[in-house]
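**Student:** Got a structure for you, input_6.json, holding JSON, C-alpha atoms.
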```
[["chain", "number", "residue", "atom", "x", "y", "z"],
["A", 1, "MET", "CA", 58.69, -102.93, -107.01],
["A", 2, "LYS", "CA", 55.79, -102.39, -109.33],
["A", 3, "LYS", "CA", 56.52, -102.86, -113.01],
["A", 4, "LEU", "CA", 56.05, -99.78, -115.17],
["A", 5, "GLN", "CA", 53.87, -100.36, -118.18],
["A", 6, "LEU", "CA", 53.62, -97.81, -120.99],
["A", 7, "ASP", "CA", 50.82, -97.82, -123.50],
["A", 8, "PHE", "CA", 51.62, -95.70, -126.50],
["A", 9, "HIS", "CA", 48.30, -96.36, -128.15],
["A", 10, "VAL", "CA", 46.23, -94.68, -125.51],
["A", 11, "ARG", "CA", 45.03, -91.21, -126.63],
["A", 12, "PRO", "CA", 45.60, -88.33, -124.20],
["A", 13, "ALA", "CA", 42.58, -87.00, -122.44],
["A", 14, "GLN", "CA", 43.06, -83.36, -123.72],
["A", 15, "THR", "CA", 45.13, -81.42, -126.30],
["A", 16, "PRO", "CA", 47.91, -79.18, -124.80],
["A", 17, "TRP", "CA", 46.70, -75.94, -126.47],
["A", 18, "LEU", "CA", 48.48, -73.72, -124.02],
["A", 19, "GLY", "CA", 51.86, -75.33, -124.72],
["A", 20, "LEU", "CA", 51.35, -75.09, -128.47],
["A", 21, "LEU", "CA", 50.35, -71.44, -128.19],
["A", 22, "LEU", "CA", 53.43, -70.65, -126.14],
["A", 23, "CYS", "CA", 55.64, -72.39, -128.70],
["A", 24, "VAL", "CA", 54.08, -70.43, -131.55],
["A", 25, "LEU", "CA", 54.50, -67.16, -129.64],
["A", 26, "GLY", "CA", 58.12, -68.04, -128.91],
["A", 27, "VAL", "CA", 58.83, -68.70, -132.60],
["A", 28, "ILE", "CA", 57.13, -65.42, -133.57],
["A", 29, "ALA", "CA", 59.17, -63.53, -130.96],
["A", 30, "VAL", "CA", 62.43, -65.02, -132.23],
["A", 31, "LEU", "CA", 61.55, -64.13, -135.83],
["A", 32, "TRP", "CA", 60.62, -60.55, -134.78],
["A", 33, "VAL", "CA", 63.89, -60.12, -132.92],
["A", 34, "MET", "CA", 65.89, -61.37, -135.89],
["A", 35, "THR", "CA", 63.97, -59.03, -138.17],
["A", 36, "GLN", "CA", 64.69, -56.07, -135.88],
["A", 37, "ILE", "CA", 68.39, -56.97, -135.80],
["A", 38, "ASP", "CA", 68.46, -56.99, -139.61],
["A", 39, "VAL", "CA", 66.65, -53.62, -139.70],
["A", 40, "ALA", "CA", 69.11, -52.13, -137.19],
["A", 41, "LYS", "CA", 72.06, -53.34, -139.25],
["A", 42, "GLU", "CA", 70.57, -51.83, -142.39],
["A", 43, "GLN", "CA", 69.96, -48.51, -140.64],
["A", 44, "LYS", "CA", 73.54, -48.53, -139.35],
["A", 45, "ASN", "CA", 74.87, -49.10, -142.86],
["A", 46, "GLN", "CA", 72.71, -46.25, -144.20],
["A", 47, "LEU", "CA", 73.93, -43.91, -141.45],
["A", 48, "GLU", "CA", 77.54, -44.76, -142.24],
["A", 49, "LEU", "CA", 76.92, -44.07, -145.92],
["A", 50, "GLN", "CA", 75.30, -40.71, -145.06],
["A", 51, "GLU", "CA", 78.21, -39.78, -142.78],
["A", 52, "ASP", "CA", 80.70, -40.62, -145.51],
["A", 53, "SER", "CA", 78.69, -38.57, -148.02],
["A", 54, "ILE", "CA", 78.50, -35.57, -145.67],
["A", 55, "ALA", "CA", 82.23, -35.78, -144.89],
["A", 56, "LEU", "CA", 83.00, -35.90, -148.61],
["A", 57, "ARG", "CA", 80.79, -32.85, -149.28],
["A", 58, "ILE", "CA", 82.47, -30.89, -146.47],
["A", 59, "LYS", "CA", 85.88, -31.80, -147.80],
["A", 60, "GLN", "CA", 84.91, -30.78, -151.33],
["A", 61, "ARG", "CA", 83.45, -27.48, -150.07],
["A", 62, "ASP", "CA", 86.58, -26.69, -148.05],
["A", 63, "SER", "CA", 88.75, -27.49, -151.04],
["A", 64, "LYS", "CA", 86.61, -25.24, -153.24],
["A", 65, "VAL", "CA", 86.75, -22.36, -150.75],
["A", 66, "LYS", "CA", 90.51, -22.74, -150.40],
["A", 67, "ALA", "CA", 90.95, -22.79, -154.15],
["A", 68, "GLU", "CA", 88.80, -19.66, -154.52],
["A", 69, "LEU", "CA", 90.81, -17.88, -151.84],
["A", 70, "ASN", "CA", 94.07, -18.81, -153.53],
["A", 71, "ALA", "CA", 92.77, -17.77, -156.94],
["A", 72, "SER", "CA", 91.05, -14.56, -155.86],
["A", 73, "PRO", "CA", 92.87, -11.19, -155.72],
["A", 74, "VAL", "CA", 94.16, -9.88, -152.42],
["A", 75, "SER", "CA", 91.65, -8.33, -150.09],
["A", 76, "ALA", "CA", 90.84, -4.65, -150.25],
["A", 77, "LYS", "CA", 92.73, -3.96, -147.03],
["A", 78, "VAL", "CA", 95.89, -5.65, -148.26],
["A", 79, "GLU", "CA", 95.57, -3.91, -151.62],
["A", 80, "LYS", "CA", 95.19, -0.55, -149.87],
["A", 81, "ILE", "CA", 98.29, -1.16, -147.75],
["A", 82, "ARG", "CA", 100.20, -2.14, -150.90],
["A", 83, "ARG", "CA", 99.13, 1.07, -152.65],
["A", 84, "ASP", "CA", 100.08, 3.14, -149.61],
["A", 85, "GLN", "CA", 103.54, 1.59, -149.59],
["A", 86, "LEU", "CA", 104.01, 2.63, -153.21],
["A", 87, "LEU", "CA", 103.48, 6.29, -152.31],
["A", 88, "SER", "CA", 106.63, 8.38, -152.26],
["A", 89, "ASN", "CA", 107.64, 11.20, -149.95],
["A", 90, "ALA", "CA", 109.64, 12.83, -152.76],
["A", 91, "PRO", "CA", 106.95, 15.50, -153.43],
["A", 92, "ALA", "CA", 107.21, 16.63, -149.81],
["A", 93, "PHE", "CA", 110.99, 17.01, -149.99],
["A", 94, "ASP", "CA", 110.70, 18.77, -153.36],
["A", 95, "LEU", "CA", 108.29, 21.25, -151.80],
["A", 96, "LEU", "CA", 110.55, 21.83, -148.79],
["A", 97, "GLU", "CA", 113.55, 22.34, -151.04],
["A", 98, "ARG", "CA", 111.63, 24.84, -153.13],
["A", 99, "VAL", "CA", 110.62, 27.08, -150.20],
["A", 100, "TRP", "CA", 113.61, 26.71, -147.85],
["A", 101, "GLU", "CA", 115.95, 29.62, -147.21],
["A", 102, "GLN", "CA", 119.12, 29.84, -145.13],
["A", 103, "GLU", "CA", 117.32, 31.84, -142.45],
["A", 104, "ILE", "CA", 115.23, 28.73, -141.61],
["A", 105, "ALA", "CA", 116.39, 25.73, -139.57],
["A", 106, "PHE", "CA", 114.07, 22.73, -139.33],
["A", 107, "SER", "CA", 114.31, 21.08, -135.92],
["A", 108, "ARG", "CA", 111.65, 18.44, -136.64],
["A", 109, "LEU", "CA", 110.01, 17.10, -139.78],
["A", 110, "GLU", "CA", 107.17, 14.59, -139.85],
["A", 111, "ILE", "CA", 106.02, 13.50, -143.30],
["A", 112, "ALA", "CA", 102.89, 11.37, -143.76],
["A", 113, "THR", "CA", 102.83, 10.23, -147.36],
["A", 114, "VAL", "CA", 99.32, 8.78, -147.25],
["A", 115, "GLU", "CA", 97.73, 11.95, -145.87],
["A", 116, "ARG", "CA", 100.18, 14.10, -147.89],
["A", 117, "ASP", "CA", 100.92, 16.02, -144.71],
["A", 118, "ILE", "CA", 104.10, 17.75, -143.48],
["A", 119, "LYS", "CA", 104.41, 18.78, -139.85],
["A", 120, "MET", "CA", 107.49, 20.74, -138.90],
["A", 121, "ASP", "CA", 109.08, 22.62, -136.04],
["A", 122, "LEU", "CA", 111.56, 25.31, -137.06],
["A", 123, "GLU", "CA", 113.64, 28.24, -135.94],
["A", 124, "ALA", "CA", 114.18, 31.46, -137.85],
["A", 125, "LYS", "CA", 116.00, 34.71, -137.28],
["A", 126, "SER", "CA", 112.73, 36.59, -136.92],
["A", 127, "LEU", "CA", 108.95, 36.15, -137.04],
["A", 128, "ASN", "CA", 109.03, 37.88, -140.39],
["A", 129, "ASP", "CA", 111.15, 35.02, -141.78],
["A", 130, "VAL", "CA", 108.51, 32.58, -140.52],
["A", 131, "LEU", "CA", 105.73, 34.51, -142.23],
["A", 132, "LEU", "CA", 107.74, 34.71, -145.44],
["A", 133, "LEU", "CA", 108.15, 30.93, -145.32],
["A", 134, "VAL", "CA", 104.39, 30.55, -144.94],
["A", 135, "ASP", "CA", 103.90, 32.82, -147.94],
["A", 136, "ARG", "CA", 106.32, 30.76, -150.02],
["A", 137, "PHE", "CA", 104.46, 27.56, -149.06],
["A", 138, "GLU", "CA", 101.13, 29.12, -150.07],
["A", 139, "ALA", "CA", 102.57, 30.31, -153.38],
["A", 140, "ALA", "CA", 103.95, 26.88, -154.29],
["A", 141, "PRO", "CA", 101.76, 25.08, -156.89],
["A", 142, "ALA", "CA", 102.04, 21.78, -155.01],
["A", 143, "THR", "CA", 100.64, 23.22, -151.77],
["A", 144, "LYS", "CA", 97.03, 22.51, -150.85],
["A", 145, "HIS", "CA", 96.84, 24.16, -147.41],
["A", 146, "VAL", "CA", 99.20, 25.78, -144.89],
["A", 147, "THR", "CA", 98.59, 26.17, -141.15],
["A", 148, "LEU", "CA", 100.80, 28.19, -138.81],
["A", 149, "ALA", "CA", 100.09, 26.24, -135.63],
["A", 150, "ARG", "CA", 102.16, 28.39, -133.26],
["A", 151, "ASN", "CA", 104.93, 30.95, -133.31],
["A", 152, "SER", "CA", 106.87, 32.75, -130.61],
["A", 153, "LEU", "CA", 110.25, 34.15, -129.69],
["A", 154, "LYS", "CA", 112.83, 32.02, -127.93],
["A", 155, "ILE", "CA", 113.23, 34.09, -124.78],
["A", 156, "GLY", "CA", 116.15, 32.15, -123.32],
["A", 157, "ASP", "CA", 118.31, 32.77, -126.36],
["A", 158, "PRO", "CA", 120.10, 36.16, -126.44],
["A", 159, "ASN", "CA", 119.51, 36.38, -130.20],
["A", 160, "ARG", "CA", 115.76, 35.82, -129.58],
["A", 161, "PRO", "CA", 115.12, 33.65, -132.66],
["A", 162, "ALA", "CA", 111.57, 32.88, -133.69],
["A", 163, "VAL", "CA", 110.25, 29.35, -133.20],
["A", 164, "ALA", "CA", 107.20, 28.07, -135.01],
["A", 165, "ALA", "CA", 105.20, 24.96, -135.89],
["A", 166, "ILE", "CA", 103.77, 24.69, -139.37],
["A", 167, "GLU", "CA", 101.59, 22.04, -141.04],
["A", 168, "VAL", "CA", 101.44, 21.77, -144.82],
["A", 169, "LEU", "CA", 99.18, 19.61, -146.98],
["A", 170, "TRP", "CA", 100.38, 19.02, -150.50],
["A", 171, "LEU", "CA", 98.36, 18.11, -153.58],
["A", 172, "ALA", "CA", 98.27, 14.57, -154.89],
["A", 173, "ASP", "CA", 100.18, 13.71, -158.02],
["A", 174, "PRO", "CA", 97.48, 12.70, -160.54],
["A", 175, "SER", "CA", 99.83, 10.15, -162.10],
["A", 176, "VAL", "CA", 100.20, 8.26, -158.81],
["A", 177, "PRO", "CA", 97.27, 6.25, -157.34],
["A", 178, "SER", "CA", 96.40, 7.61, -153.93],
["A", 179, "SER", "CA", 94.27, 6.58, -150.98],
["A", 180, "THR", "CA", 91.76, 9.03, -149.55],
["A", 181, "THR", "CA", 91.60, 7.42, -146.13],
["A", 182, "SER", "CA", 94.39, 5.94, -144.11],
["A", 183, "THR", "CA", 94.48, 3.30, -141.44],
["A", 184, "ALA", "CA", 98.15, 2.53, -141.91],
["A", 185, "ALA", "CA", 100.11, 5.71, -142.57],
["A", 186, "SER", "CA", 103.63, 5.57, -143.80],
["A", 187, "ARG", "CA", 105.55, 8.12, -141.78],
["A", 188, "VAL", "CA", 109.11, 9.33, -142.11],
["A", 189, "HIS", "CA", 110.61, 11.20, -139.18],
["A", 190, "SER", "CA", 113.74, 13.19, -139.73],
["A", 191, "ALA", "CA", 115.46, 16.12, -138.09],
["A", 192, "SER", "CA", 117.87, 18.36, -139.86],
["A", 193, "ALA", "CA", 119.62, 21.59, -138.90],
["A", 194, "ALA", "CA", 120.45, 24.24, -141.46],
["A", 195, "SER", "CA", 123.15, 26.84, -141.03],
["A", 196, "GLY", "CA", 122.26, 30.51, -140.91],
["A", 197, "VAL", "CA", 120.58, 30.88, -137.49],
["A", 198, "HIS", "CA", 122.93, 32.62, -135.02]]
```
Write out the structure in this file as structure tokens.

**Tutor:**
Amino acid sequence: MKKLQLDFHVRPAQTPWLGLLLCVLGVIAVLWVMTQIDVAKEQKNQLELQEDSIALRIKQRDSKVKAELNASPVSAKVEKIRRDQLLSNAPAFDLLERVWEQEIAFSRLEIATVERDIKMDLEAKSLNDVLLLVDRFEAAPATKHVTLARNSLKIGDPNRPAVAAIEVLWLADPSVPSSTTSTAASRVHSASAASGVH
């Protein structure tokens, strides 16, 4: 076996430029990658801060809107419904009491307090009694308008009473706040029979 002899003093024939260049490029690549990692981390932190700031602004805005809603007066629709509920049907009954006579029997009453409207079906001894009732309605100071919707004789009844449908609009009480339009009318339905029709 041949003995291996190493001479460390002998200079190499050429410089390994390619190897050195590759080493330098490798170091540069590693430094660039590390720099990009640091940049990505910084961007992530900034995004998290922006998200937290946006979430805080949204929360503050929602809280402000909620506080304004709680502090603000009720909406116009709710306020209108509240005013409508405060209206009374007493003027309608006062008007009916003022014009009613024993010859008249109301078979149906429909009172709309918001529209200030009375719709009624009635029976009377004669058509003349119906017309007199219309005249009394028109003469009443609280009456705005009277409409005799229909009138006829009850043929099946041997006494042949008159039947009629009347609609009456009454004037608003200036001391009570009223609503000119109605989307939620407060209606009272009642039927009463009065003695005197035979």

**Student:** Using all atoms listed in the file, can you tell me which of A:Ala172, A:Asn128, A:Leu20, A:Glu138 comes closest to Ser88 of chain A?

**Tutor:**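 Nearest to Ser88 of chain A: A:Ala172.
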
**Student:** Could you tell me how far atom CA of Ile81 of chain A sits from atom CA of Lys64 of chain A, in Å to one decimal place?

**Tutor:**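 Computed distance, atom CA of Lys64 of chain A to atom CA of Ile81 of chain A, equals 27.3 Å.
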
**Student:** Between A:Val99, A:Leu86, A:Val30, A:Val24, which is the closest to Leu132 of chain A once you count all atoms listed in the file?

**Tutor:**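 The answer is A:Val99, which sits nearest to Leu132 of chain A.
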
**Student:** Write out as a ChimeraX atom specification each polymer residue whose atoms come within 8 Å of Leu171 of chain A, counting all atoms listed in the file; drop sequence neighbours fewer than 5 positions from it.

**Tutor:** /A:116,142-144

**Student:** Just to confirm, what's the straight-line distance from atom CA of Trp100 of chain A to atom CA of Val168 of chain A in Å (one decimal)?

**Tutor:**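 Computing it gives 13.5 Å between the two atoms.
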
**Student:** Between atom CA of Leu131 of chain A and atom CA of Ile155 of chain A, measure the distance and give it in Å to one decimal.

**Tutor:**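 Interatomic distance here is 19.0 Å.
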
**Student:** Which residues come within 10 Å of segment 149-152 of chain A, counting all atoms listed in the file, excluding same-chain residues fewer than 4 positions away, as a VMD selection string?

**Tutor:** chain A and resid 119 to 123 126 to 127 130 to 131 160 to 167

**Student:** Which is closest to Lys125 of chain A among A:Pro158, A:Pro91, A:Pro16, A:Gly26, if we use all atoms listed in the file?

**Tutor:**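 Closest to Lys125 of chain A of all the choices is A:Pro158.
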
**Student:** Find the spatial neighbours of Ala140 of chain A, counting all atoms listed in the file, within a cut-off of 10 Å - ignore same-chain residues fewer than 3 positions away - and output them as a PyMOL selection string.

**Tutor:** chain A and resi 95-96+98-99+135-137+143-144+170

**Student:** Limited to C-alpha atoms, could you put the picked residues into a file as a PDB file, in the frame of the given file?

**Tutor:**
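What ended up in part_0.pdb:
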```pdb
ATOM      1  CA  LEU A  95     108.290  21.250-151.800  1.00  0.00           C
ATOM      2  CA  LEU A  96     110.550  21.830-148.790  1.00  0.00           C
ATOM      3  CA  ARG A  98     111.630  24.840-153.130  1.00  0.00           C
ATOM      4  CA  VAL A  99     110.620  27.080-150.200  1.00  0.00           C
ATOM      5  CA  ASP A 135     103.900  32.820-147.940  1.00  0.00           C
ATOM      6  CA  ARG A 136     106.320  30.760-150.020  1.00  0.00           C
ATOM      7  CA  PHE A 137     104.460  27.560-149.060  1.00  0.00           C
ATOM      8  CA  THR A 143     100.640  23.220-151.770  1.00  0.00           C
ATOM      9  CA  LYS A 144      97.030  22.510-150.850  1.00  0.00           C
ATOM     10  CA  TRP A 170     100.380  19.020-150.500  1.00  0.00           C
TER      11      TRP A 170
END
```

**Student:** So for segment 60-70 of chain A, what box centre and size do we get, axis-aligned, 5 Å extra on each of the six sides, every listed atom, Å to one decimal, as JSON?

**Tutor:**
```
{"center_x": 88.8, "center_y": -24.3, "center_z": -151.3, "size_x": 20.6, "size_y": 22.9, "size_z": 16.5}
```
